[in-house]
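Listing of start-v2.cif, mmCIF, C-alpha atoms
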```
data_run
loop_
_atom_site.label_atom_id
_atom_site.label_comp_id
_atom_site.auth_asym_id
_atom_site.auth_seq_id
_atom_site.Cartn_x
_atom_site.Cartn_y
_atom_site.Cartn_z
CA MET W 18 0.00 0.00 0.00
CA ARG W 19 1.15 3.52 -0.78
CA ARG W 20 1.29 6.14 1.91
CA ARG W 21 -1.03 9.02 1.19
CA THR W 22 -1.75 12.31 2.85
CA VAL W 23 -5.10 12.11 4.58
CA SER W 24 -7.08 15.26 5.29
CA THR W 25 -9.56 15.55 8.14
CA TYR W 26 -11.81 18.35 9.30
CA SER W 27 -12.09 19.71 12.78
CA GLY W 28 -14.69 22.42 12.48
CA GLU W 29 -13.37 24.80 9.83
CA LYS W 30 -9.72 23.88 10.10
CA MET W 31 -8.30 21.08 8.01
CA THR W 32 -5.41 19.09 9.39
CA GLN W 33 -3.04 16.98 7.33
CA SER W 34 -1.43 13.72 8.34
CA SER W 35 0.93 11.79 6.13
CA THR W 36 1.20 8.86 8.53
CA LYS W 37 -2.11 7.25 7.63
CA VAL W 38 -2.35 4.67 4.88
CA PHE W 39 -4.91 5.12 2.16
CA GLY W 40 -4.84 1.92 0.13
CA TRP W 41 -6.96 2.94 -2.83
CA GLN W 42 -5.31 4.23 -5.99
CA ARG W 43 -6.98 5.30 -9.23
CA THR W 44 -6.52 2.99 -12.19
CA GLY W 45 -7.33 5.70 -14.74
CA THR W 46 -5.21 8.65 -15.72
CA ARG W 47 -7.72 10.81 -17.57
CA PRO W 48 -8.49 14.07 -15.72
CA LEU W 49 -12.12 14.10 -14.61
CA LEU W 50 -14.64 16.82 -13.83
CA ILE W 51 -17.30 15.95 -11.29
CA THR W 52 -20.13 18.33 -10.47
CA LEU W 53 -21.11 18.41 -6.81
CA ILE W 54 -24.64 19.64 -6.09
CA ASP W 55 -26.12 20.26 -2.66
CA GLY W 56 -29.82 21.02 -2.54
CA PRO W 57 -32.17 23.04 -0.32
CA ASN W 58 -31.13 23.52 3.32
CA MET W 59 -27.52 22.49 2.67
CA PRO W 60 -26.37 26.13 2.24
CA ASN W 61 -27.25 26.43 5.96
CA LEU W 62 -24.94 23.53 6.85
CA GLY W 63 -23.05 25.09 9.77
CA ASN W 64 -26.33 25.82 11.59
CA ARG W 65 -27.96 22.41 11.20
CA ASN W 66 -28.46 19.59 13.71
CA LYS W 67 -24.94 18.65 14.90
CA ARG W 68 -26.03 15.08 15.71
CA VAL W 69 -26.81 14.52 12.04
CA TYR W 70 -24.42 16.92 10.30
CA GLY W 71 -21.38 16.80 12.58
CA PRO W 72 -18.51 19.27 12.76
CA ILE W 73 -18.53 20.77 9.24
CA SER W 74 -18.98 24.48 9.86
CA SER W 75 -20.32 25.60 6.46
CA ILE W 76 -21.21 24.51 2.96
CA THR W 77 -18.00 26.19 1.78
CA ALA W 78 -15.94 24.06 4.18
CA LEU W 79 -17.66 20.92 2.82
CA GLN W 80 -17.05 21.95 -0.79
CA ASP W 81 -13.39 22.71 -0.05
CA HIS W 82 -13.07 19.30 1.62
CA VAL W 83 -14.46 17.51 -1.44
CA ARG W 84 -12.35 19.63 -3.81
CA GLU W 85 -9.17 18.75 -1.91
CA LEU W 86 -10.03 15.05 -1.94
CA GLY W 87 -10.71 15.29 -5.67
CA GLU W 88 -7.42 17.04 -6.41
CA GLY W 89 -5.55 14.13 -4.87
CA MET W 90 -7.25 11.83 -7.37
CA GLY W 91 -6.82 13.97 -10.47
CA VAL W 92 -10.44 15.10 -10.30
CA THR W 93 -11.71 18.66 -10.57
CA ILE W 94 -14.80 19.36 -8.48
CA GLU W 95 -17.26 22.01 -9.61
CA ALA W 96 -19.63 22.75 -6.71
CA LEU W 97 -23.04 24.34 -6.34
CA ALA W 98 -25.29 24.62 -3.30
CA SER W 99 -28.72 26.15 -3.72
CA ASN W 100 -32.06 26.42 -2.01
CA HIS W 101 -33.73 26.81 -5.43
CA GLU W 102 -34.46 23.86 -7.70
CA GLY W 103 -34.46 26.08 -10.81
CA GLU W 104 -30.85 27.09 -10.12
CA ILE W 105 -29.91 23.42 -9.68
CA LEU W 106 -31.59 22.54 -12.98
CA ASP W 107 -29.74 25.37 -14.75
CA ALA W 108 -26.43 24.07 -13.36
CA ILE W 109 -27.13 20.51 -14.51
CA HIS W 110 -28.12 21.67 -17.99
CA ALA W 111 -25.06 23.94 -18.26
CA SER W 112 -22.61 21.27 -17.06
CA ALA W 113 -23.96 18.23 -18.92
CA ALA W 114 -21.56 18.53 -21.86
CA ARG W 115 -18.42 18.99 -19.76
CA SER W 116 -19.06 17.03 -16.56
CA ASP W 117 -18.00 13.38 -16.34
CA ALA W 118 -20.29 12.64 -13.39
CA TYR W 119 -22.33 14.12 -10.56
CA ILE W 120 -22.53 13.83 -6.80
CA LEU W 121 -25.90 15.02 -5.53
CA ASN W 122 -27.20 15.62 -2.03
CA PRO W 123 -30.83 16.41 -2.86
CA ALA W 124 -31.43 17.48 0.77
CA GLY W 125 -34.81 19.28 0.80
CA LEU W 126 -35.65 17.82 -2.62
CA THR W 127 -35.17 14.21 -1.47
CA LYS W 128 -38.87 13.29 -1.44
CA THR W 129 -39.77 15.46 -4.42
CA GLY W 130 -37.32 16.91 -6.96
CA GLU W 131 -38.65 15.11 -10.03
CA PRO W 132 -37.32 17.78 -12.43
CA THR W 133 -33.82 17.46 -10.92
CA ARG W 134 -33.87 13.67 -11.10
CA HIS W 135 -35.04 13.82 -14.70
CA ALA W 136 -32.34 16.36 -15.63
CA LEU W 137 -29.63 14.11 -14.15
CA GLU W 138 -30.99 11.13 -16.09
CA GLU W 139 -30.92 13.16 -19.31
CA THR W 140 -27.22 13.97 -18.94
CA GLY W 141 -26.42 10.29 -19.54
CA ARG W 142 -23.69 10.64 -16.91
CA PRO W 143 -23.25 8.50 -13.81
CA TRP W 144 -24.23 10.08 -10.51
CA VAL W 145 -24.23 9.20 -6.85
CA GLU W 146 -26.86 10.27 -4.35
CA VAL W 147 -25.30 11.28 -1.05
CA HIS W 148 -26.71 12.08 2.39
CA PHE W 149 -25.12 12.95 5.72
CA ALA W 150 -27.70 10.80 7.55
CA ASN W 151 -28.97 7.30 6.87
CA ILE W 152 -32.31 8.45 5.46
CA SER W 153 -33.72 4.90 5.71
CA ALA W 154 -33.07 4.66 9.46
CA PRO W 155 -35.77 5.30 12.07
CA PRO W 156 -35.59 8.66 13.90
CA TRP W 157 -34.23 7.12 17.12
CA SER W 158 -31.28 5.61 15.25
CA GLU W 159 -27.94 7.30 15.88
CA ARG W 160 -27.42 7.98 12.15
CA GLY W 161 -31.07 8.58 11.24
CA LEU W 162 -32.95 11.81 10.62
CA PRO W 163 -35.16 13.18 13.40
CA GLY W 164 -38.10 13.11 10.94
CA GLY W 165 -37.08 9.90 9.18
CA PRO W 166 -37.15 7.48 7.65
CA TRP W 167 -37.42 9.06 4.22
CA GLU W 168 -37.95 7.46 0.84
CA SER W 169 -35.88 9.22 -1.79
CA ASN W 170 -37.23 10.04 -5.21
CA PHE W 171 -33.65 9.93 -6.53
CA THR W 172 -32.47 6.48 -5.51
CA ARG W 173 -34.22 4.63 -8.36
CA SER W 174 -32.18 6.53 -10.97
CA ALA W 175 -28.85 7.01 -9.21
CA THR W 176 -25.81 5.00 -10.23
CA GLY W 177 -25.14 4.52 -6.51
CA MET W 178 -25.73 5.90 -3.04
CA SER W 179 -23.58 6.87 -0.06
CA MET W 180 -25.26 7.82 3.21
CA GLY W 181 -25.13 7.80 6.96
CA LEU W 182 -21.47 8.78 7.28
CA ARG W 183 -21.88 12.55 7.65
CA HIS W 184 -19.36 14.41 5.43
CA HIS W 185 -17.49 11.13 4.94
CA SER W 186 -20.41 10.04 2.73
CA TYR W 187 -19.00 12.44 0.13
CA LEU W 188 -15.61 10.69 0.24
CA GLY W 189 -17.33 7.33 -0.28
CA ALA W 190 -19.31 8.73 -3.19
CA LEU W 191 -16.26 10.35 -4.78
CA VAL W 192 -13.95 7.33 -4.54
CA ALA W 193 -16.62 4.89 -5.74
CA LEU W 194 -17.69 7.13 -8.60
CA VAL W 195 -14.14 7.70 -9.83
CA ALA W 196 -13.36 3.97 -9.55
CA ALA W 197 -16.50 3.18 -11.55
CA ILE W 198 -15.64 5.72 -14.26
CA ASP W 199 -12.12 4.27 -14.51
CA ASP W 200 -13.51 0.73 -14.84
CA PRO W 201 -14.50 0.14 -18.48
CA GLN W 202 -16.34 -3.03 -17.46
CA PHE W 203 -18.69 -1.11 -15.13
CA LEU W 204 -19.65 2.12 -16.85
CA GLY W 205 -18.00 1.64 -20.20
CA ALA W 206 -15.71 4.67 -19.83
CA ALA W 207 -12.74 4.51 -22.15
CA GLU W 208 -9.34 5.99 -21.37
#
```
Give the structure from this file in C-alpha cells form.
Amino acid sequence: MRRRTVSTYSGEKMTQSSTKVFGWQRTGTRPLLITLIDGPNMPNLGNRNKRVYGPISSITALQDHVRELGEGMGVTIEALASNHEGEILDAIHASAARSDAYILNPAGLTKTGEPTRHALEETGRPWVEVHFANISAPPWSERGLPGGPWESNFTRSATGMSMGLRHHSYLGALVALVAAIDDPQFLGAAE
C-alpha cells in the first residue's frame, strides 16, 4: 500500500497527516470533472443539527473538503449549493456537456425533486446520491434523521448511493464514482 496524505476536518480547520495509509489508488489517468450539487437547506450547513451533520462548519468548508479530496485523485470538483431547484436545474443543464459525473445531495428535494432527477438522467452521466444521515433509518437511530425514515425520489435513478457517514459520505461517493468511471467493465468509460 502507498502512503497518502489524509485530510480531516475539525470544524473549519483542516489538518493533514501523512502517517495514515490510504490503500486505494486510481486505475485511470484521464483528468475528470465531477459536479457536486447540494440542494435546499444544505447552504445552511453550519447551523444544522450537529447530531446529524457533525462538525462541518459551512457549505463552503464541505465543498473545499471535497475539492481537496478530488485534487488528490486527479479530479476537478465544480460545486453548487442552492435552495432553489431552478438554479440546480440550470447548473445541470449547463454542465452536462463537460461534466464526467455528478454527486448530488438532494437534501430538501429528497422526497420530491422530479425535475432534478429527470435532468440528471438526461445527462447520460453517472451520478451518486449522497446524504449525511442514513435516510432509511428510524428517527431514534444514531445515524437517522429526526423526521425519518425518508424514501428518496432519486435512488431509483442514481448509479449509486452513499449515506449515513456525515461528510465522509462524500468521500465514499467520490472514490466509488471515480473507480466506476475508470472501470470500463462497469460504466463503459474509455481511457
| message | Given the PyMOL selection byres ((chain W and resi 167-181) around 8) and the file above, list the residues it selects as a PyMOL selection string. | response | chain W and resi 123+127-131+134+138+143-153+160-161+164-166+182-183+186-187+189-190
| Got a sec to check which residues sit within 12 Å of (-12.7, 3.3, -5.4), counting only C-alpha atoms, and write them as a VMD selection string? | chain W and resid 39 to 45 90 188 to 200
Could you save the residues just selected, with C-alpha atoms, as an mmCIF file, in the frame of the given file?
```cif
data_model
loop_
_atom_site.group_PDB
_atom_site.id
_atom_site.type_symbol
_atom_site.label_atom_id
_atom_site.label_comp_id
_atom_site.auth_asym_id
_atom_site.auth_seq_id
_atom_site.Cartn_x
_atom_site.Cartn_y
_atom_site.Cartn_z
ATOM 1 C CA PHE W 39 -4.910 5.120 2.160
ATOM 2 C CA GLY W 40 -4.840 1.920 0.130
ATOM 3 C CA TRP W 41 -6.960 2.940 -2.830
ATOM 4 C CA GLN W 42 -5.310 4.230 -5.990
ATOM 5 C CA ARG W 43 -6.980 5.300 -9.230
ATOM 6 C CA THR W 44 -6.520 2.990 -12.190
ATOM 7 C CA GLY W 45 -7.330 5.700 -14.740
ATOM 8 C CA MET W 90 -7.250 11.830 -7.370
ATOM 9 C CA LEU W 188 -15.610 10.690 0.240
ATOM 10 C CA GLY W 189 -17.330 7.330 -0.280
ATOM 11 C CA ALA W 190 -19.310 8.730 -3.190
ATOM 12 C CA LEU W 191 -16.260 10.350 -4.780
ATOM 13 C CA VAL W 192 -13.950 7.330 -4.540
ATOM 14 C CA ALA W 193 -16.620 4.890 -5.740
ATOM 15 C CA LEU W 194 -17.690 7.130 -8.600
ATOM 16 C CA VAL W 195 -14.140 7.700 -9.830
ATOM 17 C CA ALA W 196 -13.360 3.970 -9.550
ATOM 18 C CA ALA W 197 -16.500 3.180 -11.550
ATOM 19 C CA ILE W 198 -15.640 5.720 -14.260
ATOM 20 C CA ASP W 199 -12.120 4.270 -14.510
ATOM 21 C CA ASP W 200 -13.510 0.730 -14.840
#
```
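Across the model, the gap from CA of Lys67 (chain W) to CA of Ile105 (chain W) is 25.5 Å.
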| task | Can you work out which one of W:Ala113, W:Leu62, W:Leu49, W:Val69 has the shortest atom-to-atom distance to Trp157 (chain W), counting all atoms listed in the file? | result | W:Val69
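When CA of Ala96 (chain W) is paired with CA of Gly56 (chain W), their separation reads 11.1 Å.
Separating CA of Ile94 (chain W) from CA of Ala124 (chain W) is a distance of 19.1 Å.
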| Nearby residues (all atoms listed in the file) at most 8 Å from Glu95 (chain W), same-chain spacing under 5 positions excluded, as a VMD selection string | chain W and resid 50 to 53 84
Written selection (C-alpha atoms) as a PDB file, keeping the file's coordinate frame:
```pdb
ATOM      1  CA  LEU W  50     -14.640  16.820 -13.830  1.00  0.00           C
ATOM      2  CA  ILE W  51     -17.300  15.950 -11.290  1.00  0.00           C
ATOM      3  CA  THR W  52     -20.130  18.330 -10.470  1.00  0.00           C
ATOM      4  CA  LEU W  53     -21.110  18.410  -6.810  1.00  0.00           C
ATOM      5  CA  ARG W  84     -12.350  19.630  -3.810  1.00  0.00           C
TER       6      ARG W  84
END
```
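Closest approach to Thr77 (chain W) among W:Asn100, W:Ser116, W:Thr133, W:Asn61 is made by W:Asn61 (distances from all atoms listed in the file).
Among the candidates W:Ile54, W:Arg65, W:Asp117, W:Thr46, the residue lying nearest to Leu97 (chain W) is W:Ile54 (atoms considered: only C-alpha atoms).
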| note | Between W:Asn58, W:Ile73, W:Ala78, W:Pro132, smallest distance to Ile109 (chain W) by all atoms listed in the file belongs to W:Pro132
With all atoms of region 154-169 of chain W from the file as input, state the centre and edge lengths in Å to one decimal of the axis-aligned box that has 8 Å extra on each side, as lines of an AutoDock Vina configuration file.
```
center_x = -32.8
center_y = 8.9
center_z = 7.7
size_x = 26.7
size_y = 24.5
size_z = 34.9
```
What would region 74-106 of chain W look like with N, CA and C atoms restored, written as a compact mmCIF listing (two decimals), in the coordinates of the input?
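In the end it all went to rebuild_16.txt:
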```txt
# COMPACT_ATOMS: atom_id res chain seq x y z
N SER W 74 -18.48 23.18 9.42
CA SER W 74 -18.98 24.48 9.86
C SER W 74 -19.74 25.26 8.80
N SER W 75 -19.62 24.87 7.52
CA SER W 75 -20.32 25.60 6.46
C SER W 75 -20.32 24.78 5.18
N ILE W 76 -21.17 25.19 4.27
CA ILE W 76 -21.21 24.51 2.96
C ILE W 76 -19.89 24.75 2.22
N THR W 77 -19.29 25.91 2.41
CA THR W 77 -18.00 26.19 1.78
C THR W 77 -16.92 25.25 2.29
N ALA W 78 -16.91 24.99 3.60
CA ALA W 78 -15.94 24.06 4.18
C ALA W 78 -16.13 22.66 3.60
N LEU W 79 -17.39 22.23 3.41
CA LEU W 79 -17.66 20.92 2.82
C LEU W 79 -17.17 20.88 1.37
N GLN W 80 -17.48 21.91 0.61
CA GLN W 80 -17.05 21.95 -0.79
C GLN W 80 -15.53 21.95 -0.90
N ASP W 81 -14.86 22.70 -0.05
CA ASP W 81 -13.39 22.71 -0.05
C ASP W 81 -12.84 21.33 0.29
N HIS W 82 -13.47 20.65 1.23
CA HIS W 82 -13.07 19.30 1.62
C HIS W 82 -13.16 18.35 0.42
N VAL W 83 -14.27 18.39 -0.28
CA VAL W 83 -14.46 17.51 -1.44
C VAL W 83 -13.50 17.89 -2.56
N ARG W 84 -13.30 19.19 -2.78
CA ARG W 84 -12.35 19.63 -3.81
C ARG W 84 -10.95 19.11 -3.53
N GLU W 85 -10.51 19.22 -2.27
CA GLU W 85 -9.17 18.75 -1.91
C GLU W 85 -9.04 17.24 -2.11
N LEU W 86 -10.06 16.50 -1.72
CA LEU W 86 -10.03 15.05 -1.94
C LEU W 86 -9.95 14.75 -3.44
N GLY W 87 -10.72 15.49 -4.23
CA GLY W 87 -10.71 15.29 -5.67
C GLY W 87 -9.36 15.59 -6.30
N GLU W 88 -8.73 16.67 -5.87
CA GLU W 88 -7.42 17.04 -6.41
C GLU W 88 -6.42 15.91 -6.26
N GLY W 89 -6.47 15.24 -5.12
CA GLY W 89 -5.55 14.13 -4.87
C GLY W 89 -5.79 12.95 -5.79
N MET W 90 -6.92 12.92 -6.45
CA MET W 90 -7.25 11.83 -7.37
C MET W 90 -7.21 12.26 -8.83
N GLY W 91 -6.81 13.48 -9.09
CA GLY W 91 -6.82 13.97 -10.47
C GLY W 91 -8.21 14.33 -10.94
N VAL W 92 -9.04 14.78 -10.00
CA VAL W 92 -10.44 15.10 -10.30
C VAL W 92 -10.69 16.56 -9.93
N THR W 93 -11.28 17.30 -10.85
CA THR W 93 -11.71 18.66 -10.57
C THR W 93 -13.15 18.61 -10.10
N ILE W 94 -13.44 19.31 -9.02
CA ILE W 94 -14.80 19.36 -8.48
C ILE W 94 -15.36 20.74 -8.73
N GLU W 95 -16.50 20.79 -9.40
CA GLU W 95 -17.26 22.01 -9.61
C GLU W 95 -18.44 21.92 -8.65
N ALA W 96 -18.62 22.88 -7.76
CA ALA W 96 -19.63 22.75 -6.71
C ALA W 96 -20.69 23.84 -6.77
N LEU W 97 -21.90 23.43 -6.44
CA LEU W 97 -23.04 24.34 -6.34
C LEU W 97 -23.88 23.91 -5.14
N ALA W 98 -24.31 24.86 -4.36
CA ALA W 98 -25.29 24.62 -3.30
C ALA W 98 -26.39 25.66 -3.47
N SER W 99 -27.63 25.21 -3.50
CA SER W 99 -28.72 26.15 -3.72
C SER W 99 -29.99 25.71 -3.00
N ASN W 100 -30.75 26.68 -2.58
CA ASN W 100 -32.06 26.42 -2.01
C ASN W 100 -33.15 26.45 -3.09
N HIS W 101 -32.76 26.62 -4.35
CA HIS W 101 -33.73 26.81 -5.43
C HIS W 101 -33.54 25.74 -6.52
N GLU W 102 -34.56 24.94 -6.73
CA GLU W 102 -34.46 23.86 -7.70
C GLU W 102 -34.17 24.38 -9.11
N GLY W 103 -34.72 25.52 -9.48
CA GLY W 103 -34.46 26.08 -10.81
C GLY W 103 -32.98 26.35 -11.03
N GLU W 104 -32.29 26.85 -10.01
CA GLU W 104 -30.85 27.09 -10.12
C GLU W 104 -30.09 25.76 -10.27
N ILE W 105 -30.54 24.75 -9.56
CA ILE W 105 -29.91 23.42 -9.68
C ILE W 105 -30.11 22.86 -11.08
N LEU W 106 -31.31 23.01 -11.61
CA LEU W 106 -31.59 22.54 -12.98
C LEU W 106 -30.71 23.28 -13.99
```
